[in-house]
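**Q** My structure file start_38.cif, mmCIF, C-alpha atoms, is below:
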data_protein
loop_
_atom_site.label_atom_id
_atom_site.label_comp_id
_atom_site.auth_asym_id
_atom_site.auth_seq_id
_atom_site.Cartn_x
_atom_site.Cartn_y
_atom_site.Cartn_z
CA MET A 1 8.22 -5.12 24.13
CA LYS A 2 11.56 -4.59 22.45
CA LYS A 3 13.69 -1.48 22.09
CA TYR A 4 14.46 -0.52 18.49
CA LEU A 5 17.10 1.89 17.24
CA PHE A 6 16.74 2.81 13.58
CA ALA A 7 20.17 3.88 12.36
CA LEU A 8 19.56 5.85 9.18
CA ARG A 9 22.48 6.72 6.91
CA SER A 10 21.00 7.47 3.47
CA ALA A 11 20.55 10.93 2.02
CA PRO A 12 16.98 12.14 1.65
CA HIS A 13 15.74 12.88 -1.87
CA SER A 14 17.52 9.86 -3.35
CA GLY A 15 14.78 7.55 -4.52
CA CYS A 16 12.31 6.24 -1.96
CA VAL A 17 14.82 4.87 0.59
CA VAL A 18 13.94 7.35 3.34
CA GLN A 19 10.18 6.98 2.75
CA GLU A 20 10.43 3.18 2.91
CA MET A 21 12.51 3.32 6.09
CA LEU A 22 10.01 5.70 7.69
CA ASP A 23 7.25 3.24 6.85
CA VAL A 24 9.12 0.60 8.87
CA VAL A 25 9.67 3.05 11.73
CA LEU A 26 5.96 3.93 11.83
CA SER A 27 4.86 0.28 11.56
CA THR A 28 7.13 -0.64 14.46
CA ALA A 29 5.79 2.26 16.53
CA ALA A 30 2.24 1.21 15.65
CA PHE A 31 3.05 -2.16 17.30
CA GLU A 32 3.66 -0.12 20.45
CA GLN A 33 7.35 -0.88 20.62
CA GLN A 34 9.91 1.56 21.95
CA VAL A 35 11.40 3.29 18.92
CA SER A 36 14.34 5.70 18.64
CA LEU A 37 16.15 7.11 15.63
CA LEU A 38 19.83 7.71 15.01
CA LEU A 39 20.80 9.92 12.08
CA LEU A 40 24.28 9.33 10.71
CA ASP A 41 26.21 10.48 7.66
CA GLU A 42 24.00 11.86 4.87
CA ALA A 43 20.83 11.08 6.84
CA VAL A 44 21.36 14.22 8.94
CA PHE A 45 20.04 16.18 5.93
CA ALA A 46 16.66 14.45 6.36
CA ILE A 47 15.60 16.91 9.07
CA LYS A 48 17.26 20.02 7.64
CA ASN A 49 15.21 23.21 7.66
CA ASN A 50 14.15 25.14 4.59
CA GLN A 51 13.99 22.31 2.06
CA GLN A 52 12.59 23.23 -1.36
CA PRO A 53 11.42 19.82 -2.57
CA GLU A 54 8.76 21.14 -4.96
CA ARG A 55 11.52 22.03 -7.44
CA HIS A 56 12.14 18.35 -8.08
CA GLN A 57 8.72 16.88 -7.32
CA GLY A 58 9.93 15.69 -3.91
CA LYS A 59 8.51 15.89 -0.41
CA ASP A 60 9.84 17.87 2.54
CA THR A 61 11.41 15.07 4.58
CA ALA A 62 11.73 17.29 7.66
CA ALA A 63 7.94 17.68 7.66
CA ILE A 64 7.49 13.90 7.46
CA PHE A 65 9.89 13.36 10.38
CA SER A 66 7.97 15.92 12.45
CA ALA A 67 4.98 13.53 12.34
CA LEU A 68 6.98 10.95 14.31
CA GLU A 69 6.05 12.40 17.67
CA ILE A 70 2.38 11.50 17.00
CA TYR A 71 3.60 7.88 17.13
CA ASP A 72 5.54 8.50 20.35
CA VAL A 73 8.87 8.45 18.56
CA ASN A 74 10.48 11.24 20.53
CA ASP A 75 14.13 10.29 20.84
CA ILE A 76 16.09 11.32 17.78
CA TYR A 77 19.87 11.07 18.08
CA VAL A 78 22.21 12.86 15.70
CA GLU A 79 25.92 12.20 15.42
CA VAL A 80 27.86 15.41 16.06
CA GLU A 81 30.65 14.61 13.59
CA SER A 82 28.15 13.90 10.79
CA LEU A 83 26.77 17.42 11.26
CA GLN A 84 30.23 19.00 11.43
CA GLU A 85 31.51 17.19 8.34
CA ARG A 86 28.58 18.63 6.37
CA GLY A 87 28.82 22.17 7.72
CA LEU A 88 25.54 21.88 9.63
CA ILE A 89 24.70 23.21 13.06
CA ILE A 90 21.86 22.25 15.41
CA ASP A 91 19.90 25.35 14.36
CA ASP A 92 19.75 23.97 10.80
CA LEU A 93 17.60 21.08 12.05
CA SER A 94 13.84 21.27 12.29
CA LEU A 95 13.41 18.94 15.29
CA SER A 96 14.93 18.88 18.73
CA VAL A 97 17.51 16.12 18.87
CA HIS A 98 20.02 14.51 21.21
CA LYS A 99 23.60 15.05 20.09
CA VAL A 100 25.92 12.05 20.30
CA GLN A 101 29.68 11.98 19.76
CA ARG A 102 30.96 9.34 17.32
CA ASN A 103 32.87 7.56 20.08
CA LYS A 104 29.64 7.14 22.07
CA ILE A 105 27.59 5.59 19.25
CA ALA A 106 28.52 2.02 20.21
CA ASP A 107 27.39 2.65 23.81
CA LEU A 108 24.09 4.02 22.52
CA MET A 109 23.52 0.95 20.31
CA LYS A 110 24.19 -1.39 23.25
CA GLN A 111 21.08 -0.02 24.99
CA TYR A 112 18.77 -1.44 22.29
CA ASP A 113 17.48 -4.94 21.54
CA ILE A 114 17.44 -4.32 17.80
CA VAL A 115 19.60 -1.96 15.77
CA PHE A 116 17.88 -1.59 12.44
CA PRO A 117 20.15 -0.29 9.67
CA GLY A 118 18.66 1.79 6.90
CA MET B 1 25.33 -12.99 23.33
CA ALA B 2 23.96 -16.47 22.64
CA LYS B 3 26.25 -19.45 22.75
CA ILE B 4 27.17 -20.95 19.41
CA ASN B 5 25.60 -24.34 20.13
CA GLN B 6 22.31 -22.82 21.26
CA LYS B 7 19.46 -23.10 18.79
CA MET B 8 18.59 -19.65 17.49
CA LYS B 9 15.53 -18.28 15.77
CA TYR B 10 16.47 -15.82 13.02
CA ALA B 11 14.47 -13.16 11.21
CA ILE B 12 16.09 -11.96 8.00
CA GLN B 13 15.40 -8.87 5.93
CA ILE B 14 16.76 -8.47 2.41
CA ASN B 15 16.84 -4.92 1.07
CA SER B 16 19.42 -5.31 -1.69
CA SER B 17 18.83 -5.81 -5.38
CA PRO B 18 19.98 -9.21 -6.70
CA ASN B 19 21.75 -7.58 -9.65
CA TYR B 20 23.48 -4.59 -8.05
CA SER B 21 24.66 -6.27 -4.88
CA ASN B 22 26.00 -9.55 -3.53
CA ASN B 23 24.16 -9.12 -0.23
CA GLY B 24 21.31 -11.41 -1.28
CA LYS B 25 23.77 -14.16 -2.14
CA THR B 26 25.53 -13.65 1.20
CA ALA B 27 22.15 -13.90 2.94
CA TYR B 28 21.38 -17.12 1.05
CA HIS B 29 24.67 -18.75 2.11
CA PHE B 30 24.23 -17.54 5.69
CA ILE B 31 20.72 -19.03 5.83
CA LYS B 32 21.90 -22.35 4.33
CA ALA B 33 24.66 -22.56 6.96
CA ALA B 34 22.25 -21.65 9.77
CA LEU B 35 19.80 -24.37 8.69
CA GLU B 36 22.62 -26.94 8.49
CA MET B 37 23.41 -26.08 12.12
CA ASN B 38 19.74 -26.64 13.03
CA HIS B 39 18.93 -23.01 13.65
CA GLN B 40 15.46 -21.82 12.72
CA ILE B 41 14.68 -19.20 10.07
CA PHE B 42 11.41 -17.68 11.25
CA ARG B 43 10.87 -15.56 8.15
CA ILE B 44 12.70 -13.83 5.29
CA PHE B 45 11.23 -10.43 4.51
CA PHE B 46 12.00 -8.84 1.13
CA TYR B 47 11.89 -5.04 1.18
CA GLN B 48 13.13 -2.06 -0.83
CA ASP B 49 15.08 -3.33 -3.88
CA GLY B 50 15.14 -6.76 -2.23
CA ILE B 51 11.73 -7.38 -3.79
CA TYR B 52 13.52 -7.93 -7.12
CA HIS B 53 14.50 -11.36 -5.72
CA ALA B 54 10.85 -12.41 -6.06
CA PHE B 55 10.21 -11.82 -9.77
CA ARG B 56 8.91 -15.04 -11.28
CA HIS B 57 10.14 -14.27 -14.78
CA ALA B 58 13.72 -13.29 -13.94
CA THR B 59 15.74 -15.24 -16.48
CA PRO B 60 19.48 -14.92 -16.02
CA SER B 61 21.83 -16.82 -18.37
CA ASP B 62 22.20 -20.54 -17.70
CA ASP B 63 25.73 -20.10 -16.37
CA GLU B 64 24.62 -17.50 -13.79
CA PHE B 65 23.36 -18.05 -10.25
CA ASN B 66 19.55 -17.87 -10.35
CA ILE B 67 18.87 -16.63 -6.86
CA THR B 68 15.07 -16.48 -7.27
CA GLN B 69 15.08 -20.19 -8.07
CA LYS B 70 17.31 -20.82 -5.03
CA TRP B 71 14.86 -19.03 -2.71
CA SER B 72 11.97 -21.07 -4.15
CA GLU B 73 13.94 -24.30 -3.56
CA LEU B 74 14.76 -23.22 -0.01
CA ALA B 75 11.09 -22.50 0.71
CA ARG B 76 10.08 -25.90 -0.69
CA GLU B 77 12.75 -27.90 1.15
CA HIS B 78 12.63 -26.15 4.52
CA GLN B 79 9.12 -24.58 4.60
CA ILE B 80 10.62 -21.13 5.00
CA ASP B 81 8.24 -18.19 4.99
CA LEU B 82 9.30 -15.84 2.16
CA VAL B 83 7.35 -12.60 2.47
CA VAL B 84 7.45 -9.74 -0.04
CA CYS B 85 6.32 -6.30 1.14
CA ILE B 86 3.23 -5.30 -0.80
CA SER B 87 3.92 -1.56 -0.98
CA ALA B 88 7.56 -2.02 -2.01
CA ALA B 89 6.45 -4.60 -4.60
CA GLN B 90 3.67 -2.50 -6.13
CA ARG B 91 5.94 0.54 -6.34
CA ARG B 92 8.32 -1.55 -8.47
CA GLY B 93 5.70 -3.28 -10.61
CA LEU B 94 5.63 -6.70 -8.96
CA LEU B 95 1.98 -7.73 -8.74
CA HIS B 96 0.60 -11.09 -7.73
CA THR B 97 -2.60 -12.33 -9.37
CA ASP B 98 -5.12 -10.66 -7.02
CA GLU B 99 -3.55 -7.26 -7.25
CA ALA B 100 -2.91 -7.52 -11.00
CA THR B 101 -6.58 -8.32 -11.60
CA ARG B 102 -7.66 -5.42 -9.39
CA GLN B 103 -5.46 -3.02 -11.39
CA ASN B 104 -6.68 -4.42 -14.74
CA LYS B 105 -3.29 -5.94 -15.41
CA GLN B 106 -2.44 -9.51 -16.28
CA ASP B 107 -0.20 -12.24 -14.95
CA ASN B 108 1.27 -13.24 -11.64
CA ASP B 109 4.78 -11.84 -11.18
CA LEU B 110 5.48 -13.59 -7.89
CA ALA B 111 7.87 -16.56 -7.99
CA GLU B 112 7.01 -19.89 -6.39
CA GLY B 113 7.24 -20.06 -2.62
CA PHE B 114 6.92 -16.31 -2.02
CA ARG B 115 3.86 -14.58 -0.60
CA ILE B 116 2.83 -10.92 -0.49
CA SER B 117 2.04 -9.19 2.77
CA GLY B 118 2.56 -6.00 4.73
CA LEU B 119 5.15 -4.47 7.05
CA GLY B 120 3.37 -5.92 10.08
CA GLN B 121 4.93 -9.26 9.09
CA LEU B 122 8.38 -7.69 9.36
CA VAL B 123 7.69 -6.21 12.79
CA GLU B 124 6.23 -9.52 13.98
CA ALA B 125 9.35 -11.33 12.75
CA THR B 126 11.66 -8.97 14.64
CA LEU B 127 9.58 -9.50 17.79
CA GLU B 128 9.54 -13.31 17.48
CA ALA B 129 13.17 -13.85 16.58
CA ASP B 130 16.20 -14.07 18.85
CA CYS B 131 18.25 -12.37 16.19
CA PHE B 132 17.34 -10.04 13.34
CA MET B 133 19.68 -9.44 10.40
CA VAL B 134 19.43 -7.10 7.44
CA PHE B 135 21.22 -7.81 4.15
#
Represent the structure from my file as structure tokens, please.
**A**
Amino acid sequence: MKKYLFALRSAPHSGCVVQEMLDVVLSTAAFEQQVSLLLLDEAVFAIKNNQQPERHQGKDTAAIFSALEIYDVNDIYVEVESLQERGLIIDDLSLSVHKVQRNKIADLMKQYDIVFPG
Amino acid sequence: MAKINQKMKYAIQINSSPNYSNNGKTAYHFIKAALEMNHQIFRIFFYQDGIYHAFRHATPSDDEFNITQKWSELAREHQIDLVVCISAAQRRGLLHTDEATRQNKQDNDLAEGFRISGLGQLVEATLEADCFMVF
């Protein structure tokens, strides 16, 4: 077994990038590997509450992320500065997450066998 | 961290479009250098816009770098496993013969040396390899 950290940086609702990354996350979890997520930069919007995706034929990405726990993906890390820079607070997020300061991100990554950028 | 003279087994993922990014070219040169140093390339997995590397009929001008042709050559010379993700490929209109026939479409879009498969091949590659890199 290997430990995977998926470090997502892309905004949701911009093409199919987030959907395709989630497919990799779910495939990896289906192989019974240990999977965690780290949301950085624009990716913090992926689990924002109160999305209205039907206006542009999109899907509620927060709802898709909430399915992760079925696959035993329970550890979702969010960078504190990425939230602050975008005017978001923890209550804006639809899932319970671990907050990580930017200067601790490198330490977090060191705990994993594979850091998967996306 | 592995020592530089130790033989490494690499898994490579290419997510970038050949025409909107130089990442594919960087990956190609990295892989060539790794092979020259006797490292092993376990698999190259083409995903997201990286699947555009695998279009058989891509026809850049003669004075441009034809990366699809370079991948095919690399597969032929070094027996490298070039895998294109089926869902990413279908979403972008790249169909190999079986799938084209099934969808009542014609032709085989897949360039020589590539094969179509699923994300399980990517996960397997990351598990098998000593080092996994995404371009």
**Q** Evaluate the PyMOL selection byres ((chain B) within 12 of (chain A)) on the structure here and hand back the selected residues as a short mmCIF file (atom, residue, chain, number, x, y, z; two decimals) with C-alpha atoms, keeping the file's coordinate frame.
**A**
data_model
loop_
_atom_site.label_atom_id
_atom_site.label_comp_id
_atom_site.auth_asym_id
_atom_site.auth_seq_id
_atom_site.Cartn_x
_atom_site.Cartn_y
_atom_site.Cartn_z
CA MET B 1 25.33 -12.99 23.33
CA ALA B 11 14.47 -13.16 11.21
CA ILE B 12 16.09 -11.96 8.00
CA GLN B 13 15.40 -8.87 5.93
CA ILE B 14 16.76 -8.47 2.41
CA ASN B 15 16.84 -4.92 1.07
CA SER B 16 19.42 -5.31 -1.69
CA TYR B 47 11.89 -5.04 1.18
CA GLN B 48 13.13 -2.06 -0.83
CA ASP B 49 15.08 -3.33 -3.88
CA GLY B 50 15.14 -6.76 -2.23
CA CYS B 85 6.32 -6.30 1.14
CA ILE B 86 3.23 -5.30 -0.80
CA SER B 87 3.92 -1.56 -0.98
CA ALA B 88 7.56 -2.02 -2.01
CA ALA B 89 6.45 -4.60 -4.60
CA ARG B 91 5.94 0.54 -6.34
CA ARG B 92 8.32 -1.55 -8.47
CA GLY B 118 2.56 -6.00 4.73
CA LEU B 119 5.15 -4.47 7.05
CA GLY B 120 3.37 -5.92 10.08
CA GLN B 121 4.93 -9.26 9.09
CA LEU B 122 8.38 -7.69 9.36
CA VAL B 123 7.69 -6.21 12.79
CA GLU B 124 6.23 -9.52 13.98
CA ALA B 125 9.35 -11.33 12.75
CA THR B 126 11.66 -8.97 14.64
CA LEU B 127 9.58 -9.50 17.79
CA GLU B 128 9.54 -13.31 17.48
CA ALA B 129 13.17 -13.85 16.58
CA ASP B 130 16.20 -14.07 18.85
CA CYS B 131 18.25 -12.37 16.19
CA PHE B 132 17.34 -10.04 13.34
CA MET B 133 19.68 -9.44 10.40
CA VAL B 134 19.43 -7.10 7.44
CA PHE B 135 21.22 -7.81 4.15
#
**Q** Just to confirm, what's the straight-line distance from atom CA of A:Thr61 to atom CA of A:Gln84 in Å (one decimal)?
**A**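 We find that atom CA of A:Thr61 and atom CA of A:Gln84 lie 20.4 Å from each other.
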**Q** In Å, rounded to a single decimal, give me how far atom CA of A:Glu32 is from atom CA of A:Leu8.
**A**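 Computing the Euclidean distance for atom CA of A:Leu8 and atom CA of A:Glu32 yields 20.4 Å.
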**Q** When the PyMOL selection byres ((chain B and resi 71-78) around 9) is applied to the structure above, which residues does it catch, written out as a VMD selection string?
**A** chain B and resid 28 32 35 53 to 54 67 to 70 79 to 82 111 to 114
**Q** Select, from A:Gly87, A:Tyr77, A:Gln19, A:Arg9, the residue with the minimum atom-to-atom distance to A:Leu38, counting all atoms listed in the file.
**A**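 Result for the nearest residue to A:Leu38: A:Tyr77.
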**Q** If you apply the PyMOL selection byres ((chain A and resi 72-75) around 8) to this file, what residues do you get, as a PyMOL selection string?
**A** chain A and resi 29+34-37+68-71+76-77+97-98
**Q** May I have the centre and edge lengths, in Å to one decimal, of an axis-aligned box around the listed atoms of stretch 70-87 of chain B with 4 Å added to every side, as JSON?
**A**
{"center_x": 10.3, "center_y": -14.7, "center_z": 0.0, "size_x": 22.1, "size_y": 34.3, "size_z": 18.0}
**Q** Have a look at atom CA of B:Asp107 and atom CA of B:Thr59 and let me know their distance in Å, one decimal.
**A**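 Spanning atom CA of B:Asp107 to atom CA of B:Thr59 is a straight-line distance of 16.3 Å.
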**Q** If we count all atoms listed in the file and set the cut-off at 8 Å, which residues sit around A:Arg102, ignoring sequence neighbours fewer than 2 positions away in its own chain? Please answer as a PyMOL selection string.
**A** chain A and resi 79-81+100+104-105
**Q** Using all atoms listed in the file, which of the listed residues (B:Ala27, B:Leu94, B:Phe42, B:Ala33) sits closest to B:Ala58?
**A**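 Selected residue with least distance to B:Ala58: B:Leu94.
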